[in-house]
$ cat coords38.tsv   # TSV, C-alpha atoms
chain	number	residue	atom	x	y	z
A	1	MET	CA	42.93	11.53	-20.48
A	2	GLY	CA	39.96	10.56	-22.51
A	3	SER	CA	38.10	7.52	-21.16
A	4	LEU	CA	41.07	6.09	-19.23
A	5	LYS	CA	40.77	6.07	-15.46
A	6	PRO	CA	43.64	7.69	-13.55
A	7	ALA	CA	46.10	5.27	-11.91
A	8	THR	CA	45.77	4.69	-8.18
A	9	THR	CA	47.89	3.00	-5.55
A	10	ALA	CA	45.18	2.56	-2.97
A	11	ALA	CA	44.95	-1.12	-1.93
A	12	HIS	CA	41.17	-1.19	-1.76
A	13	ASP	CA	41.02	0.18	-5.30
A	14	ALA	CA	43.63	-2.19	-6.85
A	15	GLY	CA	42.25	-5.32	-5.21
A	16	PHE	CA	44.33	-8.19	-3.81
A	17	LEU	CA	44.64	-11.95	-4.03
A	18	ALA	CA	45.37	-14.39	-1.18
A	19	THR	CA	47.11	-17.67	-2.01
A	20	ARG	CA	49.85	-20.00	-0.84
A	21	ALA	CA	53.40	-19.41	-2.07
A	22	ASP	CA	53.68	-23.06	-3.17
A	23	ALA	CA	50.57	-22.75	-5.30
A	24	LEU	CA	51.76	-19.54	-6.89
A	25	ILE	CA	55.25	-20.89	-7.67
A	26	ASN	CA	53.86	-24.14	-9.05
A	27	TRP	CA	51.34	-22.24	-11.15
A	28	GLY	CA	54.16	-20.23	-12.68
A	29	ARG	CA	56.38	-23.25	-13.26
A	30	LYS	CA	53.82	-25.53	-14.80
A	31	ASN	CA	52.51	-22.97	-17.25
A	32	SER	CA	55.88	-21.96	-18.63
A	33	LEU	CA	57.79	-25.18	-19.23
A	34	TRP	CA	60.77	-24.70	-21.52
A	35	PRO	CA	61.43	-27.98	-23.34
A	36	MET	CA	64.90	-29.16	-24.28
A	37	PRO	CA	64.28	-31.38	-27.31
A	38	LEU	CA	66.66	-34.34	-27.47
A	39	GLY	CA	65.48	-35.84	-30.75
A	40	LEU	CA	67.39	-39.06	-31.24
A	41	SER	CA	65.32	-40.82	-33.89
A	42	CYS	CA	61.85	-40.83	-35.45
A	43	CYS	CA	60.25	-39.52	-32.24
A	44	GLY	CA	62.05	-36.26	-32.94
A	45	ILE	CA	59.86	-35.75	-36.02
A	46	GLU	CA	56.69	-36.07	-33.94
A	47	LEU	CA	58.24	-33.71	-31.42
A	48	MET	CA	58.70	-31.11	-34.15
A	49	ALA	CA	55.09	-31.58	-35.23
A	50	MET	CA	54.00	-31.02	-31.66
A	51	ILE	CA	55.88	-27.72	-31.43
A	52	GLY	CA	54.59	-26.62	-34.83
A	53	PRO	CA	51.38	-24.68	-35.42
A	54	LYS	CA	49.09	-27.64	-36.12
A	55	PHE	CA	49.35	-29.15	-32.66
A	56	ASP	CA	50.57	-25.96	-31.03
A	57	ILE	CA	51.82	-26.60	-27.53
A	58	ALA	CA	51.86	-22.82	-27.10
A	59	ARG	CA	48.32	-23.41	-25.80
A	60	PHE	CA	49.94	-25.05	-22.75
A	61	GLY	CA	52.82	-22.64	-22.35
A	62	ALA	CA	55.56	-25.06	-23.43
A	63	GLU	CA	56.34	-23.81	-26.91
A	64	ALA	CA	59.65	-22.07	-26.14
A	65	ALA	CA	61.96	-24.93	-27.12
A	66	ARG	CA	65.56	-23.94	-26.65
A	67	PHE	CA	68.64	-25.75	-27.87
A	68	SER	CA	70.75	-24.79	-24.91
A	69	PRO	CA	70.15	-26.91	-21.82
A	70	ARG	CA	70.94	-23.91	-19.62
A	71	GLN	CA	67.72	-22.24	-20.71
A	72	CYS	CA	65.45	-25.26	-20.29
A	73	ASP	CA	63.65	-27.06	-17.50
A	74	LEU	CA	61.98	-29.95	-19.34
A	75	LEU	CA	64.15	-32.59	-21.02
A	76	ILE	CA	62.21	-34.56	-23.64
A	77	VAL	CA	64.22	-37.65	-24.56
A	78	ALA	CA	62.67	-38.47	-27.93
A	79	GLY	CA	64.04	-41.66	-29.42
A	80	THR	CA	66.54	-44.45	-29.06
A	81	LEU	CA	69.26	-43.68	-26.56
A	82	THR	CA	72.42	-45.74	-27.10
A	83	TRP	CA	75.03	-46.32	-24.45
A	84	LYS	CA	77.48	-44.31	-26.53
A	85	MET	CA	75.06	-41.35	-26.41
A	86	ALA	CA	74.22	-41.81	-22.72
A	87	HIS	CA	77.13	-39.62	-21.59
A	88	ALA	CA	75.87	-36.73	-23.70
A	89	CYS	CA	72.29	-37.17	-22.50
A	90	ARG	CA	73.29	-37.15	-18.84
A	91	THR	CA	75.56	-34.14	-19.40
A	92	ILE	CA	72.69	-32.21	-20.98
A	93	PHE	CA	70.48	-33.08	-18.02
A	94	ASP	CA	73.14	-31.97	-15.55
A	95	GLN	CA	73.56	-28.66	-17.34
A	96	MET	CA	69.87	-27.79	-16.99
A	97	PRO	CA	69.11	-25.48	-14.08
A	98	ASP	CA	66.93	-26.71	-11.27
A	99	PRO	CA	63.96	-27.34	-11.10
A	100	LYS	CA	63.87	-29.71	-14.03
A	101	TRP	CA	61.75	-32.55	-15.28
A	102	VAL	CA	62.15	-35.38	-17.78
A	103	ILE	CA	59.70	-36.91	-20.26
A	104	ALA	CA	60.66	-40.25	-21.82
A	105	MET	CA	58.99	-40.06	-25.20
A	106	GLY	CA	58.36	-43.32	-27.06
A	107	VAL	CA	58.99	-46.93	-26.14
A	108	CYS	CA	62.70	-46.76	-26.99
A	109	SER	CA	63.45	-44.19	-24.36
A	110	SER	CA	60.92	-45.70	-21.94
A	111	THR	CA	62.11	-49.32	-22.03
A	112	GLY	CA	64.52	-49.79	-24.92
A	113	GLY	CA	61.56	-50.77	-27.09
A	114	MET	CA	62.26	-53.24	-29.84
A	115	TYR	CA	66.01	-52.69	-29.44
A	116	ASP	CA	66.59	-55.50	-26.99
A	117	SER	CA	70.26	-55.10	-27.72
A	118	TYR	CA	73.76	-54.57	-26.40
A	119	ALA	CA	73.92	-51.06	-27.84
A	120	VAL	CA	70.75	-49.45	-26.48
A	121	VAL	CA	69.95	-48.12	-23.01
A	122	GLN	CA	67.03	-50.22	-21.79
A	123	GLY	CA	65.03	-47.24	-20.63
A	124	VAL	CA	66.44	-43.78	-19.93
A	125	ASP	CA	65.41	-44.19	-16.30
A	126	MET	CA	68.65	-46.15	-15.95
A	127	ILE	CA	70.49	-42.82	-16.16
A	128	LEU	CA	67.86	-40.09	-15.56
A	129	PRO	CA	64.95	-39.51	-13.16
A	130	VAL	CA	61.96	-39.77	-15.49
A	131	ASP	CA	58.69	-38.04	-14.58
A	132	VAL	CA	56.35	-39.09	-17.38
A	133	TYR	CA	56.59	-41.98	-19.84
A	134	VAL	CA	54.87	-41.75	-23.22
A	135	PRO	CA	54.14	-45.07	-25.00
A	136	GLY	CA	54.02	-45.27	-28.78
A	137	CYS	CA	56.41	-45.92	-31.64
A	138	PRO	CA	56.52	-43.04	-32.23
A	139	PRO	CA	53.76	-41.48	-30.10
A	140	ARG	CA	51.46	-39.04	-31.83
A	141	PRO	CA	51.95	-35.37	-30.87
A	142	ASP	CA	48.65	-35.52	-28.94
A	143	ALA	CA	50.15	-38.19	-26.69
A	144	VAL	CA	53.10	-35.97	-25.85
A	145	ILE	CA	50.80	-33.03	-25.19
A	146	ASP	CA	48.91	-35.34	-22.82
A	147	ALA	CA	52.22	-36.12	-21.13
A	148	ILE	CA	52.87	-32.39	-20.68
A	149	LEU	CA	49.43	-31.98	-19.12
A	150	LYS	CA	50.12	-34.90	-16.78
A	151	LEU	CA	53.46	-33.34	-15.90
A	152	GLN	CA	51.67	-30.07	-15.12
A	153	LYS	CA	49.41	-31.96	-12.70
A	154	LYS	CA	52.50	-33.49	-11.15
A	155	ILE	CA	54.17	-30.08	-10.77
A	156	GLU	CA	51.04	-28.83	-9.00
A	157	ARG	CA	51.67	-31.35	-6.21
A	158	GLU	CA	55.28	-30.30	-5.59
A	159	SER	CA	56.40	-28.31	-2.56
A	160	PRO	CA	59.02	-25.83	-3.78
A	161	LEU	CA	59.31	-24.02	-0.45
A	162	LYS	CA	60.03	-27.27	1.36
A	163	VAL	CA	62.73	-28.08	-1.16
A	164	LEU	CA	64.14	-24.58	-0.78
A	165	PHE	CA	64.44	-24.79	3.02
A	166	GLN	CA	65.30	-28.47	3.42
A	167	GLY	CA	67.29	-29.21	0.28
A	168	ARG	CA	66.88	-32.26	-1.85
A	169	GLY	CA	68.47	-34.70	0.56
A	170	GLU	CA	71.80	-36.45	0.95
A	171	LEU	CA	74.34	-37.06	-1.79
A	172	ASP	CA	73.77	-40.41	-3.41
A	173	GLU	CA	76.44	-43.00	-3.99
A	174	GLY	CA	76.74	-42.04	-7.61
A	175	GLY	CA	78.16	-38.80	-6.24
A	176	THR	CA	75.64	-36.52	-7.88
A	177	ARG	CA	75.41	-33.07	-6.37
A	178	GLU	CA	72.54	-31.82	-4.26
A	179	PHE	CA	70.59	-30.49	-7.20
A	180	ASP	CA	71.23	-33.57	-9.34
A	181	MET	CA	68.75	-36.35	-8.98
A	182	PRO	CA	69.65	-40.04	-9.23
A	183	PRO	CA	67.92	-42.37	-11.67
A	184	ASN	CA	64.37	-43.19	-10.81
A	185	GLN	CA	64.55	-46.46	-8.90
A	186	ALA	CA	60.82	-46.82	-8.32
A	187	VAL	CA	60.26	-48.45	-11.71
A	188	ALA	CA	62.40	-51.53	-12.00
A	189	THR	CA	59.65	-53.84	-13.20
A	190	HIS	CA	60.51	-53.80	-16.89
A	191	ARG	CA	64.18	-54.55	-16.41
A	192	ILE	CA	65.60	-57.25	-18.61
A	193	GLY	CA	68.82	-59.19	-18.52
A	194	THR	CA	71.33	-58.34	-15.87
A	195	PHE	CA	71.15	-54.56	-16.09
A	196	GLU	CA	70.79	-52.83	-12.75
A	197	PRO	CA	70.26	-49.19	-11.97
A	198	VAL	CA	73.04	-47.62	-9.94
A	199	ALA	CA	72.81	-48.92	-6.42
A	200	GLY	CA	72.75	-46.23	-3.79
A	201	GLU	CA	70.74	-44.27	-1.32
A	202	GLY	CA	69.26	-41.96	-3.88
A	203	GLY	CA	68.19	-38.41	-3.36
A	204	GLU	CA	64.79	-37.33	-2.24
A	205	GLU	CA	62.06	-38.57	-4.50
A	206	ARG	CA	60.05	-35.84	-6.17
A	207	THR	CA	56.60	-35.65	-4.66
B	1	MET	CA	86.81	-62.61	-70.76
B	2	THR	CA	85.34	-63.32	-67.36
B	3	ALA	CA	86.77	-62.18	-64.07
B	4	ILE	CA	88.00	-65.68	-63.26
B	5	ASP	CA	89.76	-65.90	-66.64
B	6	ARG	CA	91.58	-62.63	-66.00
B	7	ILE	CA	92.77	-63.76	-62.59
B	8	THR	CA	93.86	-67.16	-63.90
B	9	ALA	CA	95.88	-65.46	-66.62
B	10	ALA	CA	97.59	-63.06	-64.21
B	11	MET	CA	98.16	-65.24	-61.12
B	12	ALA	CA	100.38	-68.25	-60.63
B	13	GLU	CA	98.71	-71.66	-60.49
B	14	GLY	CA	97.79	-72.92	-57.02
B	15	THR	CA	97.89	-69.58	-55.18
B	16	PHE	CA	94.11	-69.36	-55.11
B	17	GLU	CA	91.09	-71.58	-55.47
B	18	VAL	CA	88.02	-70.90	-57.56
B	19	ILE	CA	84.79	-71.73	-55.75
B	20	GLU	CA	81.19	-71.50	-56.83
B	21	PRO	CA	78.86	-70.05	-54.22
B	22	ARG	CA	75.12	-70.60	-54.44
B	23	ASP	CA	74.35	-67.08	-55.68
B	24	GLY	CA	76.51	-67.55	-58.81
B	25	MET	CA	78.93	-64.69	-58.09
B	26	PRO	CA	82.50	-65.41	-59.32
B	27	CYS	CA	84.44	-66.18	-56.16
B	28	VAL	CA	88.00	-67.05	-55.23
B	29	ALA	CA	89.36	-68.28	-51.91
B	30	VAL	CA	92.91	-67.60	-50.75
B	31	ALA	CA	94.95	-68.14	-47.62
B	32	ALA	CA	95.77	-65.10	-45.50
B	33	ASP	CA	99.43	-65.10	-46.56
B	34	GLY	CA	98.50	-65.14	-50.24
B	35	LEU	CA	95.96	-62.34	-49.92
B	36	ARG	CA	98.25	-59.39	-50.69
B	37	ALA	CA	99.47	-60.92	-53.98
B	38	LEU	CA	95.93	-61.61	-55.10
B	39	MET	CA	94.72	-58.14	-54.13
B	40	GLU	CA	97.55	-56.40	-55.99
B	41	CYS	CA	96.72	-58.53	-59.01
B	42	LEU	CA	93.03	-57.59	-58.79
B	43	ARG	CA	93.85	-53.90	-58.46
B	44	ASN	CA	96.64	-53.59	-61.02
B	45	ASP	CA	96.10	-56.34	-63.59
B	46	CYS	CA	92.44	-57.33	-63.50
B	47	GLY	CA	90.81	-53.90	-63.54
B	48	PHE	CA	88.85	-53.97	-60.28
B	49	GLU	CA	88.85	-50.28	-59.40
B	50	THR	CA	86.12	-50.33	-56.77
B	51	ASN	CA	85.78	-52.13	-53.49
B	52	THR	CA	82.12	-52.75	-52.68
B	53	PHE	CA	82.47	-54.00	-49.12
B	54	VAL	CA	84.68	-55.72	-46.59
B	55	THR	CA	82.94	-57.84	-44.01
B	56	ALA	CA	83.32	-61.11	-42.16
B	57	ILE	CA	81.21	-64.14	-41.33
B	58	ASP	CA	81.53	-66.13	-38.15
B	59	ARG	CA	81.48	-69.70	-39.44
B	60	SER	CA	81.77	-71.32	-36.03
B	61	ALA	CA	78.06	-71.48	-35.17
B	62	GLY	CA	74.63	-70.74	-36.50
B	63	ALA	CA	73.05	-71.39	-39.90
B	64	LEU	CA	76.32	-70.76	-41.79
B	65	ALA	CA	78.45	-72.99	-39.57
B	66	ILE	CA	81.15	-74.93	-41.44
B	67	GLU	CA	84.27	-74.95	-39.29
B	68	PRO	CA	85.48	-72.74	-36.43
B	69	CYS	CA	86.85	-69.75	-38.32
B	70	TYR	CA	86.04	-66.22	-39.45
B	71	GLU	CA	85.60	-65.78	-43.14
B	72	VAL	CA	86.71	-62.30	-44.21
B	73	THR	CA	84.83	-61.47	-47.39
B	74	TYR	CA	85.69	-58.81	-49.94
B	75	GLN	CA	83.73	-57.85	-53.01
B	76	PHE	CA	85.02	-55.80	-55.93
B	77	LEU	CA	83.51	-54.15	-58.97
B	78	SER	CA	85.17	-53.52	-62.32
B	79	HIS	CA	83.65	-50.64	-64.23
B	80	ALA	CA	85.89	-51.32	-67.23
B	81	HIS	CA	84.76	-54.94	-67.62
B	82	GLY	CA	81.35	-54.64	-66.03
B	83	ASP	CA	81.70	-57.54	-63.62
B	84	ARG	CA	82.25	-58.32	-59.99
B	85	ILE	CA	84.35	-60.70	-57.94
B	86	ARG	CA	84.23	-61.97	-54.39
B	87	VAL	CA	87.29	-62.94	-52.37
B	88	ARG	CA	87.17	-64.93	-49.17
B	89	VAL	CA	89.90	-65.59	-46.60
B	90	ARG	CA	89.46	-67.90	-43.67
B	91	VAL	CA	91.24	-66.93	-40.45
B	92	PRO	CA	91.31	-68.77	-37.12
B	93	LEU	CA	89.06	-67.79	-34.20
B	94	THR	CA	91.98	-66.99	-31.94
B	95	ASP	CA	94.18	-64.10	-33.06
B	96	PRO	CA	92.50	-63.47	-36.44
B	97	LYS	CA	94.72	-61.38	-38.71
B	98	VAL	CA	94.71	-60.40	-42.36
B	99	PRO	CA	96.85	-57.81	-44.19
B	100	THR	CA	95.17	-54.52	-44.92
B	101	ILE	CA	94.22	-53.41	-48.44
B	102	THR	CA	93.76	-49.73	-47.62
B	103	ASP	CA	96.85	-48.80	-49.68
B	104	LEU	CA	95.24	-50.32	-52.79
B	105	TRP	CA	91.66	-49.15	-52.16
B	106	PRO	CA	91.71	-46.22	-49.66
B	107	GLY	CA	87.94	-46.45	-49.31
B	108	THR	CA	88.20	-49.76	-47.48
B	109	SER	CA	89.54	-47.97	-44.42
B	110	PHE	CA	86.18	-47.60	-42.69
B	111	CYS	CA	85.04	-51.06	-43.84
B	112	GLU	CA	88.06	-52.59	-42.16
B	113	ARG	CA	87.51	-50.51	-39.03
B	114	GLU	CA	83.91	-51.71	-38.85
B	115	CYS	CA	85.00	-55.30	-39.42
B	116	TYR	CA	87.56	-54.93	-36.65
B	117	ASP	CA	84.93	-53.41	-34.37
B	118	MET	CA	82.31	-56.09	-34.97
B	119	PHE	CA	84.47	-59.21	-35.37
B	120	GLY	CA	87.82	-58.34	-33.82
B	121	ILE	CA	89.74	-59.11	-37.00
B	122	VAL	CA	93.05	-57.23	-37.00
B	123	PHE	CA	93.94	-55.69	-40.35
B	124	GLU	CA	97.71	-55.52	-40.17
B	125	GLY	CA	99.14	-52.33	-41.58
B	126	HIS	CA	95.91	-50.35	-41.32
B	127	PRO	CA	96.89	-46.72	-40.63
B	128	ASP	CA	94.17	-46.06	-38.01
B	129	LEU	CA	92.57	-49.25	-36.76
B	130	ARG	CA	90.14	-47.92	-34.16
B	131	ARG	CA	86.60	-48.96	-33.34
B	132	LEU	CA	84.01	-47.40	-35.59
B	133	LEU	CA	80.61	-47.98	-33.96
B	134	MET	CA	81.14	-49.25	-30.44
B	135	PRO	CA	82.66	-46.88	-27.86
B	136	GLU	CA	86.43	-46.78	-27.44
B	137	GLY	CA	87.46	-49.00	-24.58
B	138	TYR	CA	84.78	-51.64	-25.10
B	139	ASP	CA	86.31	-55.09	-24.76
B	140	HIS	CA	84.08	-57.28	-26.91
B	141	HIS	CA	83.15	-57.72	-30.55
B	142	PRO	CA	79.37	-57.84	-30.92
B	143	LEU	CA	78.87	-59.80	-34.14
B	144	ARG	CA	80.81	-62.81	-32.98
B	145	LYS	CA	78.59	-65.81	-32.42
B	146	ASP	CA	79.70	-66.21	-28.81
B	147	PHE	CA	78.55	-62.66	-27.98
B	148	PRO	CA	75.11	-62.60	-26.31
B	149	HIS	CA	72.65	-60.32	-28.05
B	150	ARG	CA	71.95	-58.42	-24.85
B	151	GLY	CA	75.63	-57.70	-24.56
B	152	ILE	CA	78.34	-58.06	-21.97
B	153	GLU	CA	78.26	-55.16	-19.48
B	154	PRO	CA	76.94	-52.64	-22.01
B	155	ASP	CA	76.72	-49.96	-19.32
B	156	ARG	CA	80.24	-50.43	-17.90
B	157	LEU	CA	81.86	-47.50	-19.72
B	158	TYR	CA	78.96	-45.19	-18.83
B	159	ARG	CA	79.09	-46.15	-15.16
B	160	GLU	CA	82.85	-45.63	-15.05
B	161	TRP	CA	82.38	-42.20	-16.60
B	162	GLU	CA	79.67	-41.40	-14.06
B	163	ARG	CA	81.86	-42.44	-11.13
B	164	GLY	CA	84.86	-40.56	-12.53
B	165	ARG	CA	82.79	-37.44	-13.00
B	166	ALA	CA	81.52	-37.68	-9.43
B	167	ALA	CA	85.08	-38.02	-8.12
B	168	THR	CA	86.20	-34.79	-9.77
B	169	ARG	CA	83.52	-32.68	-8.13
$ encode --input "coords38.tsv" --output "structure tokens"
Amino acid sequence: MGSLKPATTAAHDAGFLATRADALINWGRKNSLWPMPLGLSCCGIELMAMIGPKFDIARFGAEAARFSPRQCDLLIVAGTLTWKMAHACRTIFDQMPDPKWVIAMGVCSSTGGMYDSYAVVQGVDMILPVDVYVPGCPPRPDAVIDAILKLQKKIERESPLKVLFQGRGELDEGGTREFDMPPNQAVATHRIGTFEPVAGEGGEERT
Amino acid sequence: MTAIDRITAAMAEGTFEVIEPRDGMPCVAVAADGLRALMECLRNDCGFETNTFVTAIDRSAGALAIEPCYEVTYQFLSHAHGDRIRVRVRVPLTDPKVPTITDLWPGTSFCERECYDMFGIVFEGHPDLRRLLMPEGYDHHPLRKDFPHRGIEPDRLYREWERGRAATR
């Protein structure tokens, strides 16, 4: 066998590791995010640069961008979301398997940006539960990488076992299913005009 | 022979009016019921093969306010003669209607759909007069002066879809 040591199954030889299940699950989730790129305008170009070799988000385990929502757990809304596109955006989010997170990339998807207009969603948090907002028009790829790192810190604080045993809470008035989350209602401060998020009980807030 | 000369030679007296806009473009104004005759003349007798655009101006308010009306504006290009012409038709604010010109210039189809979408001007005889930019089912016409720039219930169709989707689950 040359210099290789023979395999052993003895526990004291293989060593062991003690940890909490939550910590282990979160560690796995946060280091293998699969982004779903929803490039709607110029932010999409910066998103491509971020995935490319120069900025290289493979360093943070999020390089496996897929174009099927069923294989993704991180929706990056990159660009101006119009009300006509909102149906498609929400459908993509609903098709993603749980657990899933959302990054609002750029001011257009965060607040509507300069499009203070009848055609544009004034922040994707009117239709989706956003985890991290990235300012910039468009943001540099570094800023989005920073958002992914912040999201990783946020995932570290989640309690997947609690969610598994208790569920995500009651159905909200919008009728979304137990694994669908309602729009984030904690951030209403930038609202303009008469737009209101959907009124309702809301599901359990992510912790 | 200028564009105005060609129209004057081909059209009967008094069916149109020559006006001189500030930018110097040759321009004629007609009433909505005389539009078809003028357009057929432009297409068949005056050599205007190409439609450049169809749009409208809301003249009821703002910097261009003259009188309460929509001004449907057409512009045409003649490759044979190397000149252009502009045609304007004023229609009332309530129930604005003009005849379509899609049979003469098929390329105006989308222009007229956009004009219908943004101003609510009905192009009678258009084969497929649907909205072009705004979602189907939206009730308002955004480029009218009485439309607020933040819109009227811009999220209504989305919310209805969301509720309908929830009901089917």
$ closest_residue --input "coords38.tsv" --among "B:Val72, B:Leu157, B:Val54, B:Met134" --to "Phe110 of chain B" --atoms "all atoms listed in the file"
B:Val54
$ atom_distance --input "coords38.tsv" --atom1 "atom CA of Arg59 of chain B" --atom2 "atom CA of His141 of chain B"
15.0 Å
$ closest_residue --input "coords38.tsv" --among "A:Lys153, A:Lys84, A:Lys30, A:Lys54" --to "Ala119 of chain A" --atoms "all atoms listed in the file"
A:Lys84
$ atom_distance --input "coords38.tsv" --atom1 "atom CA of Ala80 of chain B" --atom2 "atom CA of Arg6 of chain B"
12.7 Å
$ interface_residues --input "coords38.tsv" --of "chain B" --to "chain A" --cutoff "12 Å" --atoms "only C-alpha atoms" --output "number ranges by chain"
B: 132-138, 140-143, 147-169
$ axis_aligned_box --input "coords38.tsv" --around "segment 100-113 of chain A" --padding-each-side "3 Å" --output "JSON"
{"center_x": 61.4, "center_y": -40.2, "center_z": -20.6, "size_x": 12.2, "size_y": 27.1, "size_z": 19.1}
$ residues_around --input "coords38.tsv" --residues "Gly34 of chain B" --least-positions-apart "6" --cutoff "12 Å" --atoms "only C-alpha atoms" --output "PyMOL selection string"
chain B and resi 11-12+14-17+28+40-41+87-90+98-99
$ residues_around --input "coords38.tsv" --residues "Thr100 of chain B" --least-positions-apart "3" --cutoff "10 Å" --atoms "all atoms listed in the file" --output "PyMOL selection string"
chain B and resi 35-36+39+97+103-105+108-109+112+122-127
$ atom_distance --input "coords38.tsv" --atom1 "atom CA of Val77 of chain A" --atom2 "atom CA of Gln95 of chain A"
14.8 Å
$ residues_around --input "coords38.tsv" --residues "segment 46-48 of chain A" --least-positions-apart "2" --cutoff "9 Å" --atoms "all atoms listed in the file" --output "VMD selection string"
chain A and resid 37 39 42 to 44 50 to 52 76 78 105 138 to 141 144
$ residues_near_point --input "coords38.tsv" --point "(84.2, -62.0, -58.5)" --cutoff "10 Å" --atoms "only C-alpha atoms" --output "number ranges by chain"
B: 2-4, 7, 18, 24-28, 42, 48, 74-78, 83-87
$ write_last_selection --input "coords38.tsv" --atoms "C-alpha atoms" --output "PDB file, in the frame of the given file"
ATOM      1  CA  THR B   2      85.340 -63.320 -67.360  1.00  0.00           C
ATOM      2  CA  ALA B   3      86.770 -62.180 -64.070  1.00  0.00           C
ATOM      3  CA  ILE B   4      88.000 -65.680 -63.260  1.00  0.00           C
ATOM      4  CA  ILE B   7      92.770 -63.760 -62.590  1.00  0.00           C
ATOM      5  CA  VAL B  18      88.020 -70.900 -57.560  1.00  0.00           C
ATOM      6  CA  GLY B  24      76.510 -67.550 -58.810  1.00  0.00           C
ATOM      7  CA  MET B  25      78.930 -64.690 -58.090  1.00  0.00           C
ATOM      8  CA  PRO B  26      82.500 -65.410 -59.320  1.00  0.00           C
ATOM      9  CA  CYS B  27      84.440 -66.180 -56.160  1.00  0.00           C
ATOM     10  CA  VAL B  28      88.000 -67.050 -55.230  1.00  0.00           C
ATOM     11  CA  LEU B  42      93.030 -57.590 -58.790  1.00  0.00           C
ATOM     12  CA  PHE B  48      88.850 -53.970 -60.280  1.00  0.00           C
ATOM     13  CA  TYR B  74      85.690 -58.810 -49.940  1.00  0.00           C
ATOM     14  CA  GLN B  75      83.730 -57.850 -53.010  1.00  0.00           C
ATOM     15  CA  PHE B  76      85.020 -55.800 -55.930  1.00  0.00           C
ATOM     16  CA  LEU B  77      83.510 -54.150 -58.970  1.00  0.00           C
ATOM     17  CA  SER B  78      85.170 -53.520 -62.320  1.00  0.00           C
ATOM     18  CA  ASP B  83      81.700 -57.540 -63.620  1.00  0.00           C
ATOM     19  CA  ARG B  84      82.250 -58.320 -59.990  1.00  0.00           C
ATOM     20  CA  ILE B  85      84.350 -60.700 -57.940  1.00  0.00           C
ATOM     21  CA  ARG B  86      84.230 -61.970 -54.390  1.00  0.00           C
ATOM     22  CA  VAL B  87      87.290 -62.940 -52.370  1.00  0.00           C
TER      23      VAL B  87
END
$ residues_around --input "coords38.tsv" --residues "Pro69 of chain A" --least-positions-apart "3" --cutoff "12 Å" --atoms "all atoms listed in the file" --output "list of chain:residue names"
A:Trp34, A:Pro35, A:Met36, A:Pro37, A:Leu38, A:Ala65, A:Arg66, A:Cys72, A:Asp73, A:Leu74, A:Leu75, A:Ile76, A:Ala88, A:Cys89, A:Arg90, A:Thr91, A:Ile92, A:Phe93, A:Asp94, A:Gln95, A:Met96, A:Pro97, A:Asp98, A:Lys100
$ residues_around --input "coords38.tsv" --residues "Gly62 of chain B" --least-positions-apart "5" --cutoff "12 Å" --atoms "all atoms listed in the file" --output "NGL selection string"
:B and (57 or 67-68 or 143-146)
$ closest_residue --input "coords38.tsv" --among "B:Ile19, B:Ala10, B:Ala37, B:Ala29" --to "Thr73 of chain B" --atoms "only C-alpha atoms"
B:Ala29
$ decode --input "coords38.tsv" --residues "segment 117-136 of chain A" --atoms "C-alpha atoms" --output "mmCIF file, in the first residue's frame"
data_model
loop_
_atom_site.group_PDB
_atom_site.id
_atom_site.type_symbol
_atom_site.label_atom_id
_atom_site.label_comp_id
_atom_site.auth_asym_id
_atom_site.auth_seq_id
_atom_site.Cartn_x
_atom_site.Cartn_y
_atom_site.Cartn_z
ATOM 1 C CA SER A 117 -43.747 56.469 -11.616
ATOM 2 C CA TYR A 118 -47.028 54.695 -12.259
ATOM 3 C CA ALA A 119 -45.283 51.811 -14.007
ATOM 4 C CA VAL A 120 -42.639 50.775 -11.471
ATOM 5 C CA VAL A 121 -42.955 48.795 -8.242
ATOM 6 C CA GLN A 122 -41.804 51.158 -5.508
ATOM 7 C CA GLY A 123 -39.558 48.596 -3.880
ATOM 8 C CA VAL A 124 -39.775 44.836 -4.390
ATOM 9 C CA ASP A 125 -40.597 44.480 -0.696
ATOM 10 C CA MET A 126 -44.144 45.346 -1.757
ATOM 11 C CA ILE A 127 -44.381 41.849 -3.240
ATOM 12 C CA LEU A 128 -41.460 39.843 -1.762
ATOM 13 C CA PRO A 129 -39.846 39.396 1.668
ATOM 14 C CA VAL A 130 -36.470 41.065 1.155
ATOM 15 C CA ASP A 131 -33.515 40.064 3.339
ATOM 16 C CA VAL A 132 -30.767 42.432 2.202
ATOM 17 C CA TYR A 133 -30.973 45.721 0.314
ATOM 18 C CA VAL A 134 -28.031 46.900 -1.793
ATOM 19 C CA PRO A 135 -27.872 50.648 -2.563
ATOM 20 C CA GLY A 136 -26.249 51.922 -5.744
#
